[in-house]
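Structure file final_15.pdb with PDB, C-alpha atoms and all ligand atoms:
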ATOM      1  CA  MET A   3      -8.510  -3.577  44.742
ATOM      2  CA  ALA A   4     -11.983  -2.965  46.253
ATOM      3  CA  ALA A   5     -11.474   0.815  46.236
ATOM      4  CA  ILE A   6     -10.427   0.826  42.569
ATOM      5  CA  VAL A   7     -13.425  -1.328  41.639
ATOM      6  CA  VAL A   8     -15.793   1.091  43.430
ATOM      7  CA  ILE A   9     -14.136   4.042  41.670
ATOM      8  CA  ALA A  10     -14.542   2.208  38.341
ATOM      9  CA  PHE A  11     -18.232   1.599  39.123
ATOM     10  CA  VAL A  12     -18.854   5.277  39.911
ATOM     11  CA  GLY A  13     -16.802   6.259  36.852
ATOM     12  CA  GLY A  14     -19.075   4.027  34.760
ATOM     13  CA  LEU A  15     -22.183   5.744  36.178
ATOM     14  CA  VAL A  16     -20.739   9.156  35.290
ATOM     15  CA  ALA A  17     -19.644   7.986  31.820
ATOM     16  CA  GLY A  18     -23.162   6.590  31.327
ATOM     17  CA  SER A  19     -24.694   9.914  32.299
ATOM     18  CA  PHE A  20     -22.350  11.703  29.873
ATOM     19  CA  ILE A  21     -23.112   9.439  26.925
ATOM     20  CA  THR A  22     -26.872   9.648  27.384
ATOM     21  CA  ALA A  23     -26.389  13.394  26.879
ATOM     22  CA  VAL A  24     -24.099  12.772  23.873
ATOM     23  CA  ALA A  25     -26.543  10.295  22.337
ATOM     24  CA  TYR A  26     -29.336  12.849  22.729
ATOM     25  CA  ARG A  27     -27.453  15.946  21.574
ATOM     26  CA  LEU A  28     -25.127  14.714  18.817
ATOM     27  CA  PRO A  29     -27.773  13.562  16.299
ATOM     28  CA  LEU A  30     -29.682  16.838  16.872
ATOM     29  CA  GLY A  31     -26.540  18.839  16.141
ATOM     30  CA  LEU A  32     -26.527  20.367  19.651
ATOM     31  CA  SER A  33     -23.265  21.347  21.310
ATOM     32  CA  LEU A  34     -21.911  18.918  23.910
ATOM     33  CA  ALA A  35     -20.344  21.727  25.916
ATOM     34  CA  GLY A  36     -23.377  23.970  25.498
ATOM     35  CA  PRO A  37     -25.971  25.043  28.037
ATOM     36  CA  ARG A  38     -27.068  22.813  30.883
ATOM     37  CA  SER A  39     -29.412  19.927  30.119
ATOM     38  CA  GLN A  40     -32.975  20.995  29.414
ATOM     39  CA  CYS A  41     -36.172  19.036  29.798
ATOM     40  CA  PRO A  42     -37.025  17.813  26.282
ATOM     41  CA  ALA A  43     -40.742  18.240  27.067
ATOM     42  CA  CYS A  44     -41.030  21.715  28.636
ATOM     43  CA  GLY A  45     -37.561  23.222  28.104
ATOM     44  CA  ALA A  46     -36.911  23.899  31.797
ATOM     45  CA  GLN A  47     -33.277  23.670  32.883
ATOM     46  CA  ILE A  48     -32.472  20.509  34.795
ATOM     47  CA  ALA A  49     -30.745  21.217  38.102
ATOM     48  CA  ALA A  50     -27.462  19.421  38.838
ATOM     49  CA  TYR A  51     -29.014  17.631  41.828
ATOM     50  CA  ASP A  52     -31.678  16.196  39.503
ATOM     51  CA  ASN A  53     -28.969  14.939  37.153
ATOM     52  CA  VAL A  54     -27.225  12.489  39.490
ATOM     53  CA  PRO A  55     -26.818   9.134  37.697
ATOM     54  CA  VAL A  56     -29.466   6.520  38.631
ATOM     55  CA  LEU A  57     -30.255   8.127  42.033
ATOM     56  CA  SER A  58     -32.146  11.110  40.611
ATOM     57  CA  TRP A  59     -34.250   8.850  38.421
ATOM     58  CA  LEU A  60     -35.131   6.678  41.412
ATOM     59  CA  LEU A  61     -35.863   9.642  43.714
ATOM     60  CA  LEU A  62     -38.028  11.326  41.067
ATOM     61  CA  ARG A  63     -39.667   7.957  40.304
ATOM     62  CA  GLY A  64     -38.899   8.238  36.616
ATOM     63  CA  ARG A  65     -40.539  11.644  36.094
ATOM     64  CA  ALA A  66     -39.104  15.074  35.409
ATOM     65  CA  ARG A  67     -39.392  17.469  38.388
ATOM     66  CA  CYS A  68     -40.458  20.381  36.163
ATOM     67  CA  CYS A  69     -43.452  19.000  34.287
ATOM     68  CA  GLY A  70     -43.767  15.354  35.307
ATOM     69  CA  VAL A  71     -42.982  13.993  31.839
ATOM     70  CA  PRO A  72     -41.837  10.352  32.148
ATOM     71  CA  ILE A  73     -38.064   9.815  31.784
ATOM     72  CA  SER A  74     -37.237   6.574  30.006
ATOM     73  CA  PRO A  75     -35.701   3.898  32.264
ATOM     74  CA  ARG A  76     -33.252   3.436  29.369
ATOM     75  CA  TYR A  77     -31.133   6.252  30.857
ATOM     76  CA  PRO A  78     -30.618   4.958  34.416
ATOM     77  CA  LEU A  79     -30.266   1.414  33.001
ATOM     78  CA  THR A  80     -27.494   2.576  30.645
ATOM     79  CA  GLU A  81     -25.724   4.277  33.555
ATOM     80  CA  LEU A  82     -26.065   1.224  35.771
ATOM     81  CA  ALA A  83     -24.919  -1.159  33.013
ATOM     82  CA  LEU A  84     -21.818   0.941  32.330
ATOM     83  CA  GLY A  85     -21.064   1.112  36.069
ATOM     84  CA  VAL A  86     -21.182  -2.673  36.388
ATOM     85  CA  LEU A  87     -19.243  -3.263  33.134
ATOM     86  CA  PHE A  88     -16.540  -0.761  34.136
ATOM     87  CA  ALA A  89     -16.081  -2.593  37.456
ATOM     88  CA  VAL A  90     -15.970  -6.034  35.785
ATOM     89  CA  THR A  91     -13.505  -4.825  33.125
ATOM     90  CA  VAL A  92     -11.123  -3.421  35.743
ATOM     91  CA  VAL A  93     -11.156  -6.817  37.498
ATOM     92  CA  VAL A  94     -10.704  -8.845  34.273
ATOM     93  CA  TYR A  95      -7.830  -6.610  33.073
ATOM     94  CA  TRP A  96      -6.303  -6.047  36.531
ATOM     95  CA  ASP A  97      -2.779  -6.933  35.334
ATOM     96  CA  GLU A  98      -3.019  -4.910  32.093
ATOM     97  CA  PRO A  99      -3.893  -1.295  33.008
ATOM     98  CA  ALA A 100      -3.571   0.039  29.440
ATOM     99  CA  GLU A 101      -5.854  -2.705  28.108
ATOM    100  CA  ALA A 102      -8.286  -1.916  30.933
ATOM    101  CA  VAL A 103      -8.462   1.763  29.896
ATOM    102  CA  ILE A 104      -8.943   0.777  26.231
ATOM    103  CA  GLY A 105     -11.755  -1.502  27.437
ATOM    104  CA  LEU A 106     -13.458   1.366  29.307
ATOM    105  CA  VAL A 107     -13.281   3.592  26.210
ATOM    106  CA  PHE A 108     -14.699   0.704  24.153
ATOM    107  CA  LEU A 109     -17.633   0.173  26.547
ATOM    108  CA  THR A 110     -18.451   3.898  26.581
ATOM    109  CA  MET A 111     -18.442   3.984  22.768
ATOM    110  CA  LEU A 112     -20.641   0.865  22.543
ATOM    111  CA  ALA A 113     -23.167   2.263  25.025
ATOM    112  CA  ALA A 114     -23.416   5.564  23.120
ATOM    113  CA  ILE A 115     -23.946   3.732  19.824
ATOM    114  CA  THR A 116     -26.544   1.422  21.328
ATOM    115  CA  LEU A 117     -28.565   4.480  22.379
ATOM    116  CA  THR A 118     -28.285   6.367  19.073
ATOM    117  CA  ASP A 119     -29.040   3.228  17.035
ATOM    118  CA  LEU A 120     -32.070   2.314  19.173
ATOM    119  CA  GLU A 121     -33.459   5.849  19.310
ATOM    120  CA  GLN A 122     -32.566   7.260  15.906
ATOM    121  CA  ARG A 123     -31.304   4.344  13.829
ATOM    122  CA  ILE A 124     -27.904   5.887  13.296
ATOM    123  CA  ILE A 125     -24.351   5.029  14.313
ATOM    124  CA  PRO A 126     -22.666   8.453  14.293
ATOM    125  CA  ASN A 127     -19.263   8.580  12.563
ATOM    126  CA  LYS A 128     -18.093  11.067  15.187
ATOM    127  CA  ILE A 129     -18.522   8.539  18.003
ATOM    128  CA  LEU A 130     -16.672   5.807  16.049
ATOM    129  CA  LEU A 131     -13.904   8.229  15.126
ATOM    130  CA  VAL A 132     -13.365   9.485  18.689
ATOM    131  CA  GLY A 133     -13.325   5.864  19.911
ATOM    132  CA  ALA A 134     -10.828   4.738  17.249
ATOM    133  CA  VAL A 135      -8.498   7.695  17.862
ATOM    134  CA  LEU A 136      -8.525   7.148  21.649
ATOM    135  CA  CYS A 137      -7.921   3.409  21.169
ATOM    136  CA  LEU A 138      -4.888   4.026  18.928
ATOM    137  CA  ALA A 139      -3.585   6.827  21.140
ATOM    138  CA  ILE A 140      -3.467   4.428  24.105
ATOM    139  CA  ALA A 141      -2.407   1.283  22.195
ATOM    140  CA  ALA A 142       0.392   2.860  20.104
ATOM    141  CA  PRO A 143       2.710   3.725  23.031
ATOM    142  CA  THR A 144       1.698   0.885  25.394
ATOM    143  CA  ASP A 145       1.396  -2.044  22.956
ATOM    144  CA  PRO A 146       3.050  -1.102  19.629
ATOM    145  CA  GLY A 147       3.610  -4.790  18.784
ATOM    146  CA  GLY A 148      -0.153  -5.365  18.847
ATOM    147  CA  LEU A 149      -0.971  -2.716  16.238
ATOM    148  CA  PRO A 150      -0.718  -5.047  13.182
ATOM    149  CA  GLU A 151      -3.143  -7.485  14.827
ATOM    150  CA  ARG A 152      -5.588  -4.631  15.500
ATOM    151  CA  ALA A 153      -5.299  -3.403  11.906
ATOM    152  CA  ILE A 154      -5.862  -6.883  10.446
ATOM    153  CA  ALA A 155      -8.815  -7.510  12.781
ATOM    154  CA  ALA A 156     -10.362  -4.154  11.794
ATOM    155  CA  ALA A 157      -9.968  -4.838   8.058
ATOM    156  CA  ALA A 158     -11.229  -8.436   8.345
ATOM    157  CA  SER A 159     -14.330  -7.682  10.445
ATOM    158  CA  GLY A 160     -15.136  -4.629   8.322
ATOM    159  CA  PHE A 161     -14.920  -6.787   5.193
ATOM    160  CA  VAL A 162     -17.062  -9.585   6.679
ATOM    161  CA  PHE A 163     -19.735  -7.071   7.594
ATOM    162  CA  PHE A 164     -19.518  -5.361   4.233
ATOM    163  CA  VAL A 165     -20.379  -8.723   2.620
ATOM    164  CA  VAL A 166     -23.177  -9.318   5.153
ATOM    165  CA  ALA A 167     -24.558  -5.819   4.478
ATOM    166  CA  LEU A 168     -24.550  -6.501   0.720
ATOM    167  CA  ALA A 169     -26.460  -9.736   1.332
ATOM    168  CA  TYR A 170     -29.005  -8.155   3.718
ATOM    169  CA  PRO A 171     -29.242  -4.499   2.655
ATOM    170  CA  ARG A 172     -32.443  -4.019   4.676
ATOM    171  CA  GLY A 173     -31.013  -5.351   7.919
ATOM    172  CA  MET A 174     -27.546  -3.795   7.899
ATOM    173  CA  GLY A 175     -26.109  -0.482   6.935
ATOM    174  CA  LEU A 176     -22.737   1.074   6.367
ATOM    175  CA  GLY A 177     -22.795   2.182  10.018
ATOM    176  CA  ASP A 178     -22.721  -1.480  11.076
ATOM    177  CA  VAL A 179     -19.760  -2.100   8.736
ATOM    178  CA  LYS A 180     -17.830   0.806  10.247
ATOM    179  CA  LEU A 181     -18.753  -0.286  13.784
ATOM    180  CA  ALA A 182     -17.525  -3.850  13.073
ATOM    181  CA  ALA A 183     -14.218  -2.482  11.748
ATOM    182  CA  THR A 184     -13.793  -0.238  14.799
ATOM    183  CA  MET A 185     -14.502  -3.218  17.068
ATOM    184  CA  GLY A 186     -11.619  -5.062  15.348
ATOM    185  CA  LEU A 187      -9.348  -2.165  16.230
ATOM    186  CA  PHE A 188     -10.320  -2.390  19.910
ATOM    187  CA  LEU A 189     -10.432  -6.171  20.264
ATOM    188  CA  GLY A 190      -7.797  -7.548  17.894
ATOM    189  CA  ARG A 191      -8.328 -11.267  17.325
ATOM    190  CA  ALA A 192     -11.040 -11.333  20.026
ATOM    191  CA  VAL A 193     -13.281  -9.580  17.474
ATOM    192  CA  ALA A 194     -13.966 -12.984  15.856
ATOM    193  CA  PRO A 195     -15.991 -14.425  18.778
ATOM    194  CA  ALA A 196     -17.513 -10.939  19.293
ATOM    195  CA  ILE A 197     -18.943 -10.826  15.770
ATOM    196  CA  LEU A 198     -19.981 -14.459  15.867
ATOM    197  CA  ALA A 199     -21.886 -13.790  19.109
ATOM    198  CA  ALA A 200     -23.513 -10.682  17.585
ATOM    199  CA  LEU A 201     -24.678 -12.601  14.502
ATOM    200  CA  LEU A 202     -25.958 -15.533  16.593
ATOM    201  CA  ILE A 203     -27.870 -13.333  19.062
ATOM    202  CA  GLY A 204     -29.186 -11.111  16.253
ATOM    203  CA  SER A 205     -30.376 -14.148  14.259
ATOM    204  CA  ALA A 206     -31.994 -15.706  17.337
ATOM    205  CA  VAL A 207     -33.925 -12.492  18.069
ATOM    206  CA  GLY A 208     -34.870 -12.186  14.394
ATOM    207  CA  LEU A 209     -36.185 -15.767  14.314
ATOM    208  CA  ALA A 210     -38.099 -15.214  17.559
ATOM    209  CA  LEU A 211     -39.764 -12.130  16.043
ATOM    210  CA  ILE A 212     -40.683 -14.058  12.896
ATOM    211  CA  ALA A 213     -42.121 -16.875  15.057
ATOM    212  CA  ARG A 214     -44.208 -14.334  16.968
ATOM    213  CA  HIS A 215     -45.278 -11.899  14.271
ATOM    214  CA  GLY A 216     -45.124 -14.130  11.174
ATOM    215  CA  SER A 217     -44.097 -12.590   7.882
ATOM    216  CA  GLY A 218     -44.812  -9.108   9.268
ATOM    217  CA  ALA A 219     -41.573  -9.383  11.225
ATOM    218  CA  ARG A 220     -39.630  -9.290   7.951
ATOM    219  CA  LYS A 221     -40.766  -5.719   7.473
ATOM    220  CA  MET A 222     -39.691  -4.686  10.981
ATOM    221  CA  ALA A 223     -36.277  -3.091  10.710
ATOM    222  CA  ILE A 224     -34.357  -4.042  13.829
ATOM    223  CA  PRO A 225     -31.192  -1.997  14.296
ATOM    224  CA  PHE A 226     -28.188  -4.300  14.414
ATOM    225  CA  GLY A 227     -25.838  -1.963  16.317
ATOM    226  CA  PRO A 228     -27.022  -3.091  19.782
ATOM    227  CA  PHE A 229     -26.285  -6.740  18.866
ATOM    228  CA  LEU A 230     -22.792  -5.767  17.732
ATOM    229  CA  ALA A 231     -22.350  -3.862  20.991
ATOM    230  CA  LEU A 232     -23.428  -6.919  22.981
ATOM    231  CA  GLY A 233     -20.985  -9.058  20.993
ATOM    232  CA  GLY A 234     -18.316  -6.439  21.676
ATOM    233  CA  VAL A 235     -18.858  -6.733  25.434
ATOM    234  CA  ILE A 236     -18.571 -10.528  25.194
ATOM    235  CA  GLY A 237     -15.415 -10.172  23.072
ATOM    236  CA  LEU A 238     -13.899  -7.740  25.567
ATOM    237  CA  LEU A 239     -14.561  -9.845  28.660
ATOM    238  CA  ALA A 240     -14.120 -13.388  27.259
ATOM    239  CA  GLY A 241     -12.956 -13.137  23.625
ATOM    240  CA  ASP A 242      -9.295 -14.027  24.168
ATOM    241  CA  GLU A 243     -10.249 -17.092  26.219
ATOM    242  CA  VAL A 244     -12.623 -18.254  23.462
ATOM    243  CA  VAL A 245      -9.905 -17.805  20.813
ATOM    244  CA  ASP A 246      -7.360 -19.694  22.963
ATOM    245  CA  LEU A 247      -9.883 -22.465  23.542
ATOM    246  CA  TYR A 248     -10.556 -22.717  19.833
ATOM    247  CA  LEU A 249      -6.880 -22.663  18.817
ATOM    248  CA  GLY A 250      -6.022 -25.139  21.594
TER     249      GLY A 250
HETATM  250 ZN    ZN B   1     -40.222  19.385  31.875
END
Can I see the file as structure tokens?
Ligand SMILES: [Zn+2]
Amino acid sequence: MAAIVVIAFVGGLVAGSFITAVAYRLPLGLSLAGPRSQCPACGAQIAAYDNVPVLSWLLLRGRARCCGVPISPRYPLTELALGVLFAVTVVVYWDEPAEAVIGLVFLTMLAAITLTDLEQRIIPNKILLVGAVLCLAIAAPTDPGGLPERAIAAAASGFVFFVVALAYPRGMGLGDVKLAATMGLFLGRAVAPAILAALLIGSAVGLALIARHGSGARKMAIPFGPFLALGGVIGLLAGDEVVDLYLG
């Protein structure tokens, strides 16, 4: 088991490194397969040995080798978070390999969306679509009986968020609605505690900002995608237990 967990951790680091590139390139319309990564400040090509997840950032002390421009700690932190979450997911879903793989796809999608929503306030359709297709491609042959539950969960959470978005048009967008629906597809019934957690954490942060900045906080548009992603992680790792607890 230990070897698999280490492989999952390293796989998470690599997936994190990949999605930071996706999150940067996709909204700019750049090709994912295209030329090697370039420094966004000076345009110099980034050597492979300076592109090692987490380690390169630490060795370079958070600065680009070419021109010394600071590299946001968001990138190594995303890689590290995905590494840890991949390892935990493999342990939690040890007896259900197909569910484990669906979980890894889900985490990768959530991390990519967190980055694009934080940096550019968008939840790209392409990322949701690739995630949904991969989820169905794995779930259809391995768990065909679970497909109706996934479909119902997707429709229900999409509808709930559509209503929430109508009520708070400034706080939520159609991207959040589509993300909530996609989360239902991945999580099935566990999407209920996931969305509840997202709304609770999002409201708590919103209230804290209002307490700190007064009415000015109402004008601050906080992207909601990262809260949904956080709820998604909770739903993935503990959602079924919460549902069982509630139904029991
Ligand atoms: Zn540079």
(message) Neighbouring residues of ligand ZN 1 (chain B) are defined here as those with any atom at most 12 Å from a ligand atom, counting all atoms listed in the file; list them as a ChimeraX atom specification.
(response) /A:39-49,52,65-73
Output C-alpha atoms for every residue in that selection, as an mmCIF file, in the frame of the given file.
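What follows is the written file selection_22.cif:
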data_model
loop_
_atom_site.group_PDB
_atom_site.id
_atom_site.type_symbol
_atom_site.label_atom_id
_atom_site.label_comp_id
_atom_site.auth_asym_id
_atom_site.auth_seq_id
_atom_site.Cartn_x
_atom_site.Cartn_y
_atom_site.Cartn_z
ATOM 1 C CA SER A 39 -29.412 19.927 30.119
ATOM 2 C CA GLN A 40 -32.975 20.995 29.414
ATOM 3 C CA CYS A 41 -36.172 19.036 29.798
ATOM 4 C CA PRO A 42 -37.025 17.813 26.282
ATOM 5 C CA ALA A 43 -40.742 18.240 27.067
ATOM 6 C CA CYS A 44 -41.030 21.715 28.636
ATOM 7 C CA GLY A 45 -37.561 23.222 28.104
ATOM 8 C CA ALA A 46 -36.911 23.899 31.797
ATOM 9 C CA GLN A 47 -33.277 23.670 32.883
ATOM 10 C CA ILE A 48 -32.472 20.509 34.795
ATOM 11 C CA ALA A 49 -30.745 21.217 38.102
ATOM 12 C CA ASP A 52 -31.678 16.196 39.503
ATOM 13 C CA ARG A 65 -40.539 11.644 36.094
ATOM 14 C CA ALA A 66 -39.104 15.074 35.409
ATOM 15 C CA ARG A 67 -39.392 17.469 38.388
ATOM 16 C CA CYS A 68 -40.458 20.381 36.163
ATOM 17 C CA CYS A 69 -43.452 19.000 34.287
ATOM 18 C CA GLY A 70 -43.767 15.354 35.307
ATOM 19 C CA VAL A 71 -42.982 13.993 31.839
ATOM 20 C CA PRO A 72 -41.837 10.352 32.148
ATOM 21 C CA ILE A 73 -38.064 9.815 31.784
#
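Picked out by the PyMOL selection byres (((chain A and resi 155) around 7) and not hetatm) when it runs on this file: Glu151, Arg152, Ala153, Ile154, Ala156, Ala157, Ala158, Ser159, Gly186, Leu187, Gly190, Arg191 and Val193 of chain A.
We find atom CA of Tyr248 of chain A and atom CA of Leu198 of chain A to be spaced 13.1 Å apart.
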(request) Can you work out the spacing between atom CA of Thr110 of chain A and atom CA of Arg38 of chain A in Å, to one decimal? (result)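 Separation of atom CA of Thr110 of chain A and atom CA of Arg38 of chain A: 21.2 Å.
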(request) Between atom CA of Leu239 of chain A and atom CA of Phe108 of chain A, measure the distance and give it in Å to one decimal. (result)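 Those two atoms sit 11.5 Å apart.
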(request) Quick one: everything within 12 Å of Ala17 of chain A, counting only C-alpha atoms, minus sequence neighbours fewer than 4 positions away in the same chain. Send it as a ChimeraX atom specification. (result) /A:9-13,21-25,54-55,77-78,80-88,106-114
Please, could you write that set of residues out with C-alpha atoms as a CSV table (one decimal), in the coordinates of the input?
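And here is the file that came out, part29.csv:
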chain,number,residue,atom,x,y,z
A,9,ILE,CA,-14.1,4.0,41.7
A,10,ALA,CA,-14.5,2.2,38.3
A,11,PHE,CA,-18.2,1.6,39.1
A,12,VAL,CA,-18.9,5.3,39.9
A,13,GLY,CA,-16.8,6.3,36.9
A,21,ILE,CA,-23.1,9.4,26.9
A,22,THR,CA,-26.9,9.6,27.4
A,23,ALA,CA,-26.4,13.4,26.9
A,24,VAL,CA,-24.1,12.8,23.9
A,25,ALA,CA,-26.5,10.3,22.3
A,54,VAL,CA,-27.2,12.5,39.5
A,55,PRO,CA,-26.8,9.1,37.7
A,77,TYR,CA,-31.1,6.3,30.9
A,78,PRO,CA,-30.6,5.0,34.4
A,80,THR,CA,-27.5,2.6,30.6
A,81,GLU,CA,-25.7,4.3,33.6
A,82,LEU,CA,-26.1,1.2,35.8
A,83,ALA,CA,-24.9,-1.2,33.0
A,84,LEU,CA,-21.8,0.9,32.3
A,85,GLY,CA,-21.1,1.1,36.1
A,86,VAL,CA,-21.2,-2.7,36.4
A,87,LEU,CA,-19.2,-3.3,33.1
A,88,PHE,CA,-16.5,-0.8,34.1
A,106,LEU,CA,-13.5,1.4,29.3
A,107,VAL,CA,-13.3,3.6,26.2
A,108,PHE,CA,-14.7,0.7,24.2
A,109,LEU,CA,-17.6,0.2,26.5
A,110,THR,CA,-18.5,3.9,26.6
A,111,MET,CA,-18.4,4.0,22.8
A,112,LEU,CA,-20.6,0.9,22.5
A,113,ALA,CA,-23.2,2.3,25.0
A,114,ALA,CA,-23.4,5.6,23.1
(message) Using only C-alpha atoms for the distances, tell me which of A:Pro99, A:Ile203, A:Ala89, A:Leu62 is nearest to Ala5 of chain A.
(response) A:Ala89
Can you list, as a tab-separated table (two decimals) with C-alpha atoms, keeping the file's coordinate frame, every protein, DNA or RNA residue that comes within 8 Å of segment 233-237 of chain A when you count all atoms listed in the file, leaving out same-chain residues fewer than 3 positions away?
chain	number	residue	atom	x	y	z
A	109	LEU	CA	-17.63	0.17	26.55
A	112	LEU	CA	-20.64	0.86	22.54
A	185	MET	CA	-14.50	-3.22	17.07
A	189	LEU	CA	-10.43	-6.17	20.26
A	192	ALA	CA	-11.04	-11.33	20.03
A	193	VAL	CA	-13.28	-9.58	17.47
A	194	ALA	CA	-13.97	-12.98	15.86
A	195	PRO	CA	-15.99	-14.42	18.78
A	196	ALA	CA	-17.51	-10.94	19.29
A	197	ILE	CA	-18.94	-10.83	15.77
A	198	LEU	CA	-19.98	-14.46	15.87
A	199	ALA	CA	-21.89	-13.79	19.11
A	200	ALA	CA	-23.51	-10.68	17.58
A	229	PHE	CA	-26.28	-6.74	18.87
A	230	LEU	CA	-22.79	-5.77	17.73
A	240	ALA	CA	-14.12	-13.39	27.26
A	241	GLY	CA	-12.96	-13.14	23.62
A	242	ASP	CA	-9.30	-14.03	24.17
Determine the axis-aligned bounding box of all atoms of segment 168-178 of chain A present in the file, pad each side by 6 Å, and express its centre and edge lengths in Å to one decimal place as AutoDock Vina command-line options.
--center_x -27.6 --center_y -3.8 --center_z 5.9 --size_x 21.7 --size_y 23.9 --size_z 22.4
(request) Determine, counting all atoms listed in the file, which protein, DNA and RNA residues have an atom within 8 Å of an atom of Ile104 of chain A; residues of the same chain fewer than 2 positions away are not included. Present the result as an MDAnalysis selection string. (result) chainID A and resid 100:102 106:108 136:137 140:141 188
Taking N, CA and C atoms as the atom set, what does segment 181-194 of chain A look like once completed, written as a PDB file, in the frame of the given file?
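Below you can see rebuild.pdb, which holds the result:
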ATOM      1  N   LEU A 181     -18.815   0.124  12.384  1.00  0.00           N
ATOM      2  CA  LEU A 181     -18.753  -0.286  13.784  1.00  0.00           C
ATOM      3  C   LEU A 181     -17.967  -1.597  13.921  1.00  0.00           C
ATOM      4  N   ALA A 182     -18.227  -2.567  13.016  1.00  0.00           N
ATOM      5  CA  ALA A 182     -17.525  -3.850  13.073  1.00  0.00           C
ATOM      6  C   ALA A 182     -16.019  -3.637  12.904  1.00  0.00           C
ATOM      7  N   ALA A 183     -15.640  -2.761  11.964  1.00  0.00           N
ATOM      8  CA  ALA A 183     -14.218  -2.482  11.748  1.00  0.00           C
ATOM      9  C   ALA A 183     -13.597  -1.849  12.997  1.00  0.00           C
ATOM     10  N   THR A 184     -14.313  -0.896  13.595  1.00  0.00           N
ATOM     11  CA  THR A 184     -13.793  -0.238  14.799  1.00  0.00           C
ATOM     12  C   THR A 184     -13.651  -1.243  15.939  1.00  0.00           C
ATOM     13  N   MET A 185     -14.596  -2.188  16.022  1.00  0.00           N
ATOM     14  CA  MET A 185     -14.502  -3.218  17.068  1.00  0.00           C
ATOM     15  C   MET A 185     -13.236  -4.053  16.886  1.00  0.00           C
ATOM     16  N   GLY A 186     -12.850  -4.327  15.608  1.00  0.00           N
ATOM     17  CA  GLY A 186     -11.619  -5.062  15.348  1.00  0.00           C
ATOM     18  C   GLY A 186     -10.406  -4.318  15.884  1.00  0.00           C
ATOM     19  N   LEU A 187     -10.437  -3.000  15.734  1.00  0.00           N
ATOM     20  CA  LEU A 187      -9.348  -2.165  16.230  1.00  0.00           C
ATOM     21  C   LEU A 187      -9.209  -2.305  17.749  1.00  0.00           C
ATOM     22  N   PHE A 188     -10.338  -2.308  18.451  1.00  0.00           N
ATOM     23  CA  PHE A 188     -10.320  -2.390  19.910  1.00  0.00           C
ATOM     24  C   PHE A 188      -9.960  -3.802  20.392  1.00  0.00           C
ATOM     25  N   LEU A 189     -10.490  -4.816  19.709  1.00  0.00           N
ATOM     26  CA  LEU A 189     -10.432  -6.171  20.264  1.00  0.00           C
ATOM     27  C   LEU A 189      -9.312  -7.023  19.690  1.00  0.00           C
ATOM     28  N   GLY A 190      -8.760  -6.656  18.533  1.00  0.00           N
ATOM     29  CA  GLY A 190      -7.797  -7.548  17.894  1.00  0.00           C
ATOM     30  C   GLY A 190      -8.479  -8.855  17.530  1.00  0.00           C
ATOM     31  N   ARG A 191      -7.777  -9.968  17.761  1.00  0.00           N
ATOM     32  CA  ARG A 191      -8.328 -11.267  17.325  1.00  0.00           C
ATOM     33  C   ARG A 191      -9.615 -11.617  18.071  1.00  0.00           C
ATOM     34  N   ALA A 192      -9.823 -11.034  19.266  1.00  0.00           N
ATOM     35  CA  ALA A 192     -11.040 -11.333  20.026  1.00  0.00           C
ATOM     36  C   ALA A 192     -12.289 -10.794  19.326  1.00  0.00           C
ATOM     37  N   VAL A 193     -12.109 -10.079  18.208  1.00  0.00           N
ATOM     38  CA  VAL A 193     -13.281  -9.580  17.474  1.00  0.00           C
ATOM     39  C   VAL A 193     -14.019 -10.737  16.811  1.00  0.00           C
ATOM     40  N   ALA A 194     -13.317 -11.851  16.532  1.00  0.00           N
ATOM     41  CA  ALA A 194     -13.966 -12.984  15.856  1.00  0.00           C
ATOM     42  C   ALA A 194     -15.109 -13.557  16.699  1.00  0.00           C
TER      43      ALA A 194
END
